[in-house]
$ cat upload.cif   # mmCIF, C-alpha atoms and all ligand atoms
data_target
#
loop_
_atom_site.group_PDB
_atom_site.id
_atom_site.type_symbol
_atom_site.label_atom_id
_atom_site.label_comp_id
_atom_site.auth_asym_id
_atom_site.auth_seq_id
_atom_site.Cartn_x
_atom_site.Cartn_y
_atom_site.Cartn_z
ATOM 1 C CA MET A 1 22.544 -2.603 -3.838
ATOM 2 C CA THR A 2 20.001 -4.302 -6.098
ATOM 3 C CA PRO A 3 16.320 -3.334 -5.679
ATOM 4 C CA ALA A 4 15.787 -6.528 -3.654
ATOM 5 C CA GLU A 5 18.654 -5.581 -1.324
ATOM 6 C CA GLN A 6 17.308 -2.031 -1.103
ATOM 7 C CA LYS A 7 13.924 -3.391 0.014
ATOM 8 C CA LYS A 8 15.635 -5.470 2.698
ATOM 9 C CA ALA A 9 17.640 -2.457 3.897
ATOM 10 C CA ALA A 10 14.517 -0.252 4.077
ATOM 11 C CA ALA A 11 12.659 -2.983 5.981
ATOM 12 C CA ALA A 12 15.523 -3.395 8.463
ATOM 13 C CA LYS A 13 15.616 0.380 9.025
ATOM 14 C CA ALA A 14 11.846 0.423 9.619
ATOM 15 C CA ALA A 15 12.243 -2.094 12.426
ATOM 16 C CA GLU A 16 14.270 0.544 14.299
ATOM 17 C CA TYR A 17 11.086 2.637 14.566
ATOM 18 C CA VAL A 18 9.211 -0.138 16.348
ATOM 19 C CA GLU A 19 9.096 0.218 20.129
ATOM 20 C CA ASP A 20 8.146 -2.246 22.823
ATOM 21 C CA GLY A 21 4.383 -2.384 23.396
ATOM 22 C CA MET A 22 3.467 -0.892 20.025
ATOM 23 C CA LYS A 23 0.323 -1.754 18.113
ATOM 24 C CA LEU A 24 1.361 -2.074 14.477
ATOM 25 C CA GLY A 25 -0.270 -2.101 11.079
ATOM 26 C CA ILE A 26 1.611 -4.545 8.884
ATOM 27 C CA GLY A 27 1.627 -4.023 5.126
ATOM 28 C CA THR A 28 1.466 -6.310 2.117
ATOM 29 C CA GLY A 29 3.987 -7.045 -0.637
ATOM 30 C CA SER A 30 7.580 -8.157 -0.945
ATOM 31 C CA THR A 31 9.036 -5.216 1.033
ATOM 32 C CA SER A 32 6.515 -5.673 3.840
ATOM 33 C CA GLU A 33 7.383 -9.372 3.898
ATOM 34 C CA GLU A 34 11.018 -8.412 4.520
ATOM 35 C CA PHE A 35 9.786 -6.227 7.374
ATOM 36 C CA VAL A 36 7.793 -9.118 8.863
ATOM 37 C CA ARG A 37 10.939 -11.263 8.822
ATOM 38 C CA VAL A 38 12.952 -8.639 10.721
ATOM 39 C CA LEU A 39 10.081 -8.010 13.115
ATOM 40 C CA ALA A 40 9.735 -11.736 13.811
ATOM 41 C CA GLU A 41 13.413 -11.902 14.792
ATOM 42 C CA ARG A 42 12.892 -9.031 17.243
ATOM 43 C CA VAL A 43 9.777 -10.718 18.646
ATOM 44 C CA LYS A 44 11.837 -13.883 19.214
ATOM 45 C CA GLY A 45 14.298 -11.682 21.076
ATOM 46 C CA GLY A 46 11.572 -10.482 23.474
ATOM 47 C CA LEU A 47 9.996 -7.451 21.757
ATOM 48 C CA ARG A 48 6.302 -7.237 22.683
ATOM 49 C CA VAL A 49 4.162 -5.959 19.826
ATOM 50 C CA ILE A 50 0.805 -6.811 18.334
ATOM 51 C CA GLY A 51 0.018 -6.411 14.646
ATOM 52 C CA VAL A 52 -2.958 -5.900 12.373
ATOM 53 C CA PRO A 53 -2.187 -7.485 8.983
ATOM 54 C CA THR A 54 -3.383 -5.756 5.806
ATOM 55 C CA SER A 55 -4.060 -8.983 3.900
ATOM 56 C CA GLU A 56 -4.638 -12.697 4.361
ATOM 57 C CA ARG A 57 -1.199 -13.213 2.811
ATOM 58 C CA THR A 58 0.509 -11.054 5.430
ATOM 59 C CA ALA A 59 -1.538 -12.677 8.208
ATOM 60 C CA LYS A 60 -0.317 -16.107 7.091
ATOM 61 C CA LEU A 61 3.338 -15.054 7.098
ATOM 62 C CA CYS A 62 3.036 -13.381 10.512
ATOM 63 C CA THR A 63 1.428 -16.504 11.954
ATOM 64 C CA GLU A 64 4.109 -18.757 10.458
ATOM 65 C CA LEU A 65 6.879 -16.575 11.894
ATOM 66 C CA GLY A 66 5.304 -16.018 15.317
ATOM 67 C CA VAL A 67 4.313 -12.338 15.100
ATOM 68 C CA PRO A 68 1.243 -11.905 17.374
ATOM 69 C CA LEU A 69 -1.839 -10.617 15.569
ATOM 70 C CA THR A 70 -5.050 -8.817 16.375
ATOM 71 C CA ASN A 71 -7.680 -7.053 14.283
ATOM 72 C CA LEU A 72 -9.141 -3.564 14.074
ATOM 73 C CA ASP A 73 -12.330 -4.592 15.911
ATOM 74 C CA ASP A 74 -10.330 -5.510 19.007
ATOM 75 C CA THR A 75 -7.610 -2.899 18.452
ATOM 76 C CA PRO A 76 -9.061 0.050 16.534
ATOM 77 C CA HIS A 77 -6.192 2.466 17.205
ATOM 78 C CA LEU A 78 -2.658 1.664 16.068
ATOM 79 C CA ASP A 79 0.618 3.423 16.792
ATOM 80 C CA LEU A 80 2.379 2.816 13.510
ATOM 81 C CA THR A 81 1.839 1.178 10.139
ATOM 82 C CA ILE A 82 4.754 0.002 8.027
ATOM 83 C CA ASP A 83 3.924 -0.755 4.393
ATOM 84 C CA GLY A 84 5.369 -0.706 0.893
ATOM 85 C CA ALA A 85 4.273 1.367 -2.099
ATOM 86 C CA ASP A 86 4.288 1.150 -5.872
ATOM 87 C CA GLU A 87 5.166 4.830 -6.287
ATOM 88 C CA PHE A 88 5.654 7.892 -4.110
ATOM 89 C CA ASP A 89 6.123 11.559 -4.981
ATOM 90 C CA PRO A 90 7.914 14.340 -3.034
ATOM 91 C CA ALA A 91 4.752 15.052 -0.970
ATOM 92 C CA LEU A 92 4.707 11.350 -0.031
ATOM 93 C CA ARG A 93 1.522 10.821 -1.976
ATOM 94 C CA LEU A 94 1.443 7.142 -2.894
ATOM 95 C CA ILE A 95 0.130 4.717 -5.433
ATOM 96 C CA LYS A 96 -0.555 1.403 -3.717
ATOM 97 C CA GLY A 97 -2.449 -1.750 -4.559
ATOM 98 C CA GLY A 98 -0.028 -3.531 -6.863
ATOM 99 C CA GLY A 99 -0.482 -6.499 -4.528
ATOM 100 C CA GLY A 100 -4.255 -6.071 -4.488
ATOM 101 C CA ALA A 101 -4.516 -5.128 -0.813
ATOM 102 C CA LEU A 102 -5.135 -1.381 -1.107
ATOM 103 C CA LEU A 103 -8.477 -1.323 0.747
ATOM 104 C CA ARG A 104 -7.290 -2.994 3.943
ATOM 105 C CA GLU A 105 -3.967 -1.164 3.630
ATOM 106 C CA LYS A 106 -5.728 2.193 3.593
ATOM 107 C CA ILE A 107 -8.102 1.319 6.451
ATOM 108 C CA VAL A 108 -5.197 0.105 8.595
ATOM 109 C CA ALA A 109 -2.989 3.116 7.773
ATOM 110 C CA ALA A 110 -5.862 5.501 8.537
ATOM 111 C CA ALA A 111 -6.274 3.842 11.957
ATOM 112 C CA SER A 112 -2.595 4.515 12.741
ATOM 113 C CA ASP A 113 -0.935 7.577 14.233
ATOM 114 C CA ARG A 114 1.887 7.263 11.682
ATOM 115 C CA MET A 115 2.576 5.421 8.439
ATOM 116 C CA ILE A 116 6.130 4.676 7.347
ATOM 117 C CA VAL A 117 6.550 3.667 3.716
ATOM 118 C CA ILE A 118 9.372 1.279 2.842
ATOM 119 C CA THR A 119 10.550 0.984 -0.757
ATOM 120 C CA ASP A 120 13.481 0.596 -3.077
ATOM 121 C CA ALA A 121 14.705 3.621 -5.027
ATOM 122 C CA THR A 122 12.756 2.748 -8.196
ATOM 123 C CA LYS A 123 9.483 3.789 -6.532
ATOM 124 C CA LYS A 124 10.443 7.463 -6.236
ATOM 125 C CA VAL A 125 8.819 9.639 -8.941
ATOM 126 C CA ALA A 126 8.392 13.356 -9.624
ATOM 127 C CA MET A 127 4.771 12.788 -10.676
ATOM 128 C CA LEU A 128 2.546 9.799 -9.891
ATOM 129 C CA GLY A 129 1.008 7.731 -12.664
ATOM 130 C CA ALA A 130 3.670 5.692 -14.465
ATOM 131 C CA PHE A 131 2.521 2.754 -12.316
ATOM 132 C CA PRO A 132 -1.071 1.857 -13.288
ATOM 133 C CA LEU A 133 -3.438 3.165 -10.608
ATOM 134 C CA PRO A 134 -5.399 0.283 -9.003
ATOM 135 C CA ILE A 135 -9.038 1.006 -8.186
ATOM 136 C CA GLU A 136 -11.105 -1.455 -6.143
ATOM 137 C CA VAL A 137 -14.633 -1.772 -7.553
ATOM 138 C CA ILE A 138 -17.755 -3.697 -6.486
ATOM 139 C CA PRO A 139 -18.396 -6.470 -9.060
ATOM 140 C CA PHE A 140 -22.059 -5.476 -9.507
ATOM 141 C CA GLY A 141 -22.235 -3.102 -12.457
ATOM 142 C CA SER A 142 -18.467 -2.819 -12.615
ATOM 143 C CA LEU A 143 -18.348 -1.824 -16.291
ATOM 144 C CA ALA A 144 -20.769 1.031 -15.665
ATOM 145 C CA THR A 145 -18.651 2.089 -12.688
ATOM 146 C CA VAL A 146 -15.499 2.002 -14.779
ATOM 147 C CA ARG A 147 -17.135 4.036 -17.538
ATOM 148 C CA ARG A 148 -17.751 6.742 -14.932
ATOM 149 C CA VAL A 149 -14.155 6.340 -13.657
ATOM 150 C CA ALA A 150 -12.872 7.057 -17.179
ATOM 151 C CA GLU A 151 -15.041 10.193 -17.455
ATOM 152 C CA VAL A 152 -13.906 11.550 -14.096
ATOM 153 C CA ALA A 153 -10.264 10.715 -14.840
ATOM 154 C CA LYS A 154 -10.431 12.545 -18.177
ATOM 155 C CA ALA A 155 -11.671 15.663 -16.383
ATOM 156 C CA TYR A 156 -8.490 15.455 -14.271
ATOM 157 C CA GLY A 157 -6.166 15.096 -17.279
ATOM 158 C CA CYS A 158 -5.859 11.298 -17.033
ATOM 159 C CA GLU A 159 -6.518 9.032 -20.013
ATOM 160 C CA GLY A 160 -5.388 5.518 -20.844
ATOM 161 C CA LYS A 161 -6.251 1.860 -20.778
ATOM 162 C CA ILE A 162 -8.347 0.663 -17.847
ATOM 163 C CA ALA A 163 -8.182 -3.117 -17.445
ATOM 164 C CA ARG A 164 -9.716 -5.497 -14.943
ATOM 165 C CA ARG A 165 -6.947 -7.337 -13.125
ATOM 166 C CA ALA A 166 -6.677 -11.060 -13.796
ATOM 167 C CA ASP A 167 -5.055 -13.759 -11.705
ATOM 168 C CA SER A 168 -2.293 -16.040 -12.981
ATOM 169 C CA TYR A 169 -4.900 -18.300 -14.650
ATOM 170 C CA GLY A 170 -6.453 -15.366 -16.539
ATOM 171 C CA GLU A 171 -9.515 -15.438 -14.281
ATOM 172 C CA PRO A 172 -10.784 -12.247 -12.590
ATOM 173 C CA PHE A 173 -8.697 -11.330 -9.558
ATOM 174 C CA PHE A 174 -10.757 -10.951 -6.376
ATOM 175 C CA THR A 175 -9.517 -8.913 -3.424
ATOM 176 C CA ASP A 176 -9.712 -10.126 0.188
ATOM 177 C CA SER A 177 -13.069 -8.281 0.283
ATOM 178 C CA ASN A 178 -14.283 -10.050 -2.883
ATOM 179 C CA ASN A 179 -14.121 -7.039 -5.164
ATOM 180 C CA PHE A 180 -12.503 -6.447 -8.561
ATOM 181 C CA ILE A 181 -9.447 -4.312 -9.201
ATOM 182 C CA PHE A 182 -9.178 -2.193 -12.320
ATOM 183 C CA ASP A 183 -5.674 -0.987 -13.210
ATOM 184 C CA CYS A 184 -5.659 2.447 -14.857
ATOM 185 C CA SER A 185 -2.649 3.121 -17.109
ATOM 186 C CA PHE A 186 -2.772 6.909 -17.066
ATOM 187 C CA GLY A 187 0.973 7.515 -17.423
ATOM 188 C CA ARG A 188 0.705 10.709 -15.408
ATOM 189 C CA ILE A 189 -1.634 12.014 -12.716
ATOM 190 C CA PRO A 190 -1.259 15.812 -12.604
ATOM 191 C CA ASP A 191 -3.757 16.326 -9.718
ATOM 192 C CA PRO A 192 -3.747 13.256 -7.451
ATOM 193 C CA ASP A 193 -5.674 15.024 -4.658
ATOM 194 C CA GLY A 194 -8.544 16.072 -6.922
ATOM 195 C CA LEU A 195 -8.633 12.762 -8.765
ATOM 196 C CA ALA A 196 -8.716 10.745 -5.533
ATOM 197 C CA ARG A 197 -11.470 12.921 -4.086
ATOM 198 C CA GLU A 198 -13.706 12.631 -7.156
ATOM 199 C CA LEU A 199 -13.093 8.921 -7.801
ATOM 200 C CA ASN A 200 -14.159 8.153 -4.246
ATOM 201 C CA LEU A 201 -17.555 9.772 -4.951
ATOM 202 C CA ILE A 202 -18.428 7.318 -7.743
ATOM 203 C CA PRO A 203 -20.956 4.693 -6.644
ATOM 204 C CA GLY A 204 -19.334 1.277 -6.964
ATOM 205 C CA VAL A 205 -15.799 2.531 -6.332
ATOM 206 C CA VAL A 206 -14.748 1.092 -2.996
ATOM 207 C CA GLU A 207 -11.312 2.728 -2.796
ATOM 208 C CA THR A 208 -8.473 3.909 -4.956
ATOM 209 C CA GLY A 209 -4.779 3.187 -4.625
ATOM 210 C CA LEU A 210 -4.064 6.900 -4.173
ATOM 211 C CA PHE A 211 -2.895 7.435 -0.592
ATOM 212 C CA ILE A 212 -2.966 11.177 0.018
ATOM 213 C CA GLY A 213 -1.833 12.773 3.272
ATOM 214 C CA ILE A 214 -1.420 9.399 4.960
ATOM 215 C CA ALA A 215 2.305 8.556 4.828
ATOM 216 C CA THR A 216 4.368 10.446 7.403
ATOM 217 C CA LEU A 217 7.830 9.156 6.443
ATOM 218 C CA ALA A 218 9.502 7.121 3.701
ATOM 219 C CA LEU A 219 12.526 4.872 4.185
ATOM 220 C CA VAL A 220 13.987 4.306 0.761
ATOM 221 C CA GLY A 221 16.744 1.842 0.008
ATOM 222 C CA THR A 222 19.304 3.268 -2.429
ATOM 223 C CA SER A 223 22.548 2.041 -3.951
ATOM 224 C CA SER A 224 24.428 3.412 -0.938
ATOM 225 C CA GLY A 225 22.085 3.110 2.050
ATOM 226 C CA VAL A 226 18.620 4.149 3.229
ATOM 227 C CA ASP A 227 17.258 7.657 2.635
ATOM 228 C CA ILE A 228 14.857 9.039 5.203
ATOM 229 C CA ILE A 229 12.316 11.234 3.416
ATOM 230 C CA GLU A 230 9.728 13.503 4.992
ATOM 231 C CA PRO A 231 6.770 14.873 3.003
ATOM 232 C CA LYS A 232 7.458 18.195 1.226
HETATM 233 O O1 LIG B 301 0.393 -1.812 -2.222
HETATM 234 C C1 LIG B 301 0.891 -2.892 -2.099
HETATM 235 C C2 LIG B 301 0.096 -4.135 -2.059
HETATM 236 O O2 LIG B 301 -1.265 -3.888 -2.291
HETATM 237 C C3 LIG B 301 2.375 -3.035 -1.975
HETATM 238 O O3 LIG B 301 2.782 -2.302 -0.879
HETATM 239 C C4 LIG B 301 3.020 -2.514 -3.210
HETATM 240 O O4 LIG B 301 2.503 -3.232 -4.319
HETATM 241 C C5 LIG B 301 4.535 -2.655 -3.155
HETATM 242 O O5 LIG B 301 4.885 -3.997 -3.257
HETATM 243 P P1 LIG B 301 6.390 -4.478 -3.170
HETATM 244 O O6 LIG B 301 6.855 -4.205 -1.787
HETATM 245 O O7 LIG B 301 6.306 -5.943 -3.490
HETATM 246 O O8 LIG B 301 7.185 -3.724 -4.201
#
$ encode --input "upload.cif" --output "structure tokens" --more "lines below"
Ligand SMILES: O=C(CO)[C@H](O)[C@H](O)COP(=O)(O)O
Amino acid sequence: MTPAEQKKAAAAKAAEYVEDGMKLGIGTGSTSEEFVRVLAERVKGGLRVIGVPTSERTAKLCTELGVPLTNLDDTPHLDLTIDGADEFDPALRLIKGGGGALLREKIVAAASDRMIVITDATKKVAMLGAFPLPIEVIPFGSLATVRRVAEVAKAYGCEGKIARRADSYGEPFFTDSNNFIFDCSFGRIPDPDGLARELNLIPGVVETGLFIGIATLALVGTSSGVDIIEPK
């Protein structure tokens, strides 16, 4: 299977974990979009679920396809979140935010009893960091914030280019919460737990794309099927 087919297979498998009456967190990205398509088919067939989308983009797709939506103010406790990832390691620590939705994704996953990650096989790594770590930062004083990010990262063995994300016109990318994203090309992150903890203490850092202790299962499309991976 190609990576695109692997994403589809993982998304289809994830739909098997959805039960009637569930309150769902619904992720962002191409794999999550595949999940929304499968979910919408099941909703057409009579499945009753309600979803909290993790981005405006996901909300739009759900609405177009007829997946009923709510929000965390009305529905603060969710049964299950299904979302993609940019990388995961054997402990199911994740890098997320390649699609720019890491803040809402983390809030929604944290409000859920379980989070199932759906990916293709290319996302599996022994050590996080080959994918640039996205960090969501308040625009005010962002360069000062990022200077501090670089100092903290260095103390955790992480060095590399830190670049503000741009949109397709070369203009600054703004998240759904009107913040910047800085992508940190560290190459390797030897201590994701420590790095995440310390980065979150920096004033101006809203969230990082490190998801630690949040994912409970990964469904990973491979060349021959879907692997079901529990955290080690
Ligand atoms: O974190 C994310 C968006 O913020 C996505 O889950 C991540 O980028 C994976 O995307 P895709 O499913 O397109 O590979």
$ closest_residue --input "upload.cif" --among "A:Pro53, A:Gly100, A:Pro134, A:Gly225" --to "ligand LIG 301 (chain B)" --atoms "all atoms listed in the file"
A:Gly100
$ closest_atom_pairs --input "upload.cif" --of "chain A" --to "ligand LIG 301 (chain B)" --cutoff "8 Å" --atoms "all atoms listed in the file" --output "CSV"
residue,atom,partner,partner_atom,distance
A:Lys7,CA,B:LIG301,O6,7.3
A:Gly27,CA,B:LIG301,O3,6.4
A:Thr28,CA,B:LIG301,C2,4.9
A:Gly29,CA,B:LIG301,O7,3.8
A:Ser30,CA,B:LIG301,O7,3.6
A:Thr31,CA,B:LIG301,O6,3.7
A:Ser32,CA,B:LIG301,O6,5.8
A:Glu33,CA,B:LIG301,O6,7.7
A:Asp83,CA,B:LIG301,O3,5.6
A:Gly84,CA,B:LIG301,O3,3.5
A:Ala85,CA,B:LIG301,O3,4.1
A:Asp86,CA,B:LIG301,C5,4.7
A:Ile95,CA,B:LIG301,O1,7.3
A:Lys96,CA,B:LIG301,O1,3.7
A:Gly97,CA,B:LIG301,O2,3.3
A:Gly98,CA,B:LIG301,O4,3.6
A:Gly99,CA,B:LIG301,C2,3.5
A:Gly100,CA,B:LIG301,O2,4.3
A:Ala101,CA,B:LIG301,O2,3.8
A:Leu102,CA,B:LIG301,O2,4.8
A:Glu105,CA,B:LIG301,O2,7.1
A:Ile118,CA,B:LIG301,O6,7.6
A:Thr119,CA,B:LIG301,O6,6.5
A:Asp120,CA,B:LIG301,O8,7.7
A:Gly209,CA,B:LIG301,O1,7.6
$ residues_around --input "upload.cif" --residues "range 66-70 of chain A" --least-positions-apart "3" --cutoff "7 Å" --atoms "all atoms listed in the file" --output "ChimeraX atom specification"
/A:40,43,50-52,62-63,74-75
$ resolve_selection --input "upload.cif" --expression "the PyMOL selection byres (((chain A and resi 158) around 9) and not hetatm)" --output "PyMOL selection string"
chain A and resi 129+150+152-157+159-160+185-190+195
$ closest_residue --input "upload.cif" --among "A:Ala110, A:Ile116, A:Met127, A:Val149" --to "Pro90 in chain A" --atoms "only C-alpha atoms"
A:Met127
$ atom_distance --input "upload.cif" --atom1 "CA of Met22 in chain A" --atom2 "CA of Ser112 in chain A"
10.9 Å
$ residues_around --input "upload.cif" --residues "Ala10 in chain A" --least-positions-apart "3" --cutoff "12 Å" --atoms "only C-alpha atoms" --output "number ranges by chain"
A: 1, 3-7, 13-17, 30-35, 38, 82-84, 116-121, 217-229
$ write_last_selection --input "upload.cif" --atoms "C-alpha atoms" --output "PDB file, in the coordinates of the input"
ATOM      1  CA  MET A   1      22.544  -2.603  -3.838  1.00  0.00           C
ATOM      2  CA  PRO A   3      16.320  -3.334  -5.679  1.00  0.00           C
ATOM      3  CA  ALA A   4      15.787  -6.528  -3.654  1.00  0.00           C
ATOM      4  CA  GLU A   5      18.654  -5.581  -1.324  1.00  0.00           C
ATOM      5  CA  GLN A   6      17.308  -2.031  -1.103  1.00  0.00           C
ATOM      6  CA  LYS A   7      13.924  -3.391   0.014  1.00  0.00           C
ATOM      7  CA  LYS A  13      15.616   0.380   9.025  1.00  0.00           C
ATOM      8  CA  ALA A  14      11.846   0.423   9.619  1.00  0.00           C
ATOM      9  CA  ALA A  15      12.243  -2.094  12.426  1.00  0.00           C
ATOM     10  CA  GLU A  16      14.270   0.544  14.299  1.00  0.00           C
ATOM     11  CA  TYR A  17      11.086   2.637  14.566  1.00  0.00           C
ATOM     12  CA  SER A  30       7.580  -8.157  -0.945  1.00  0.00           C
ATOM     13  CA  THR A  31       9.036  -5.216   1.033  1.00  0.00           C
ATOM     14  CA  SER A  32       6.515  -5.673   3.840  1.00  0.00           C
ATOM     15  CA  GLU A  33       7.383  -9.372   3.898  1.00  0.00           C
ATOM     16  CA  GLU A  34      11.018  -8.412   4.520  1.00  0.00           C
ATOM     17  CA  PHE A  35       9.786  -6.227   7.374  1.00  0.00           C
ATOM     18  CA  VAL A  38      12.952  -8.639  10.721  1.00  0.00           C
ATOM     19  CA  ILE A  82       4.754   0.002   8.027  1.00  0.00           C
ATOM     20  CA  ASP A  83       3.924  -0.755   4.393  1.00  0.00           C
ATOM     21  CA  GLY A  84       5.369  -0.706   0.893  1.00  0.00           C
ATOM     22  CA  ILE A 116       6.130   4.676   7.347  1.00  0.00           C
ATOM     23  CA  VAL A 117       6.550   3.667   3.716  1.00  0.00           C
ATOM     24  CA  ILE A 118       9.372   1.279   2.842  1.00  0.00           C
ATOM     25  CA  THR A 119      10.550   0.984  -0.757  1.00  0.00           C
ATOM     26  CA  ASP A 120      13.481   0.596  -3.077  1.00  0.00           C
ATOM     27  CA  ALA A 121      14.705   3.621  -5.027  1.00  0.00           C
ATOM     28  CA  LEU A 217       7.830   9.156   6.443  1.00  0.00           C
ATOM     29  CA  ALA A 218       9.502   7.121   3.701  1.00  0.00           C
ATOM     30  CA  LEU A 219      12.526   4.872   4.185  1.00  0.00           C
ATOM     31  CA  VAL A 220      13.987   4.306   0.761  1.00  0.00           C
ATOM     32  CA  GLY A 221      16.744   1.842   0.008  1.00  0.00           C
ATOM     33  CA  THR A 222      19.304   3.268  -2.429  1.00  0.00           C
ATOM     34  CA  SER A 223      22.548   2.041  -3.951  1.00  0.00           C
ATOM     35  CA  SER A 224      24.428   3.412  -0.938  1.00  0.00           C
ATOM     36  CA  GLY A 225      22.085   3.110   2.050  1.00  0.00           C
ATOM     37  CA  VAL A 226      18.620   4.149   3.229  1.00  0.00           C
ATOM     38  CA  ASP A 227      17.258   7.657   2.635  1.00  0.00           C
ATOM     39  CA  ILE A 228      14.857   9.039   5.203  1.00  0.00           C
ATOM     40  CA  ILE A 229      12.316  11.234   3.416  1.00  0.00           C
TER      41      ILE A 229
END
$ atom_distance --input "upload.cif" --atom1 "CA of Asp89 in chain A" --atom2 "CA of Arg148 in chain A"
26.3 Å
$ residues_around --input "upload.cif" --residues "Asp183 in chain A" --least-positions-apart "6" --cutoff "7 Å" --atoms "only C-alpha atoms" --output "number ranges by chain"
A: 132-135, 162-165
$ residues_around --input "upload.cif" --residues "Pro139 in chain A" --least-positions-apart "4" --cutoff "9 Å" --atoms "all atoms listed in the file" --output "ChimeraX atom specification"
/A:143,178-180,204
$ resolve_selection --input "upload.cif" --expression "the PyMOL selection byres (((chain A and resi 197) around 12) and not hetatm)" --output "PyMOL selection string"
chain A and resi 149+152-153+156+191-196+198-202+205+207-212
$ atom_distance --input "upload.cif" --atom1 "CA of Asp79 in chain A" --atom2 "CA of Ile214 in chain A"
13.4 Å
$ closest_residue --input "upload.cif" --among "A:Thr216, A:Thr145, A:Ser55, A:Ser177" --to "Arg114 in chain A" --atoms "all atoms listed in the file"
A:Thr216
$ residues_around --input "upload.cif" --residues "Leu65 in chain A" --least-positions-apart "6" --cutoff "9 Å" --atoms "only C-alpha atoms" --output "ChimeraX atom specification"
/A:36-37,40-41
$ closest_residue --input "upload.cif" --among "A:Lys23, A:Arg93, A:Arg104, A:Lys161" --to "Glu56 in chain A" --atoms "all atoms listed in the file"
A:Arg104
$ closest_residue --input "upload.cif" --among "A:Leu47, A:Leu61, A:Leu103, A:Val108" --to "Pro76 in chain A" --atoms "only C-alpha atoms"
A:Val108
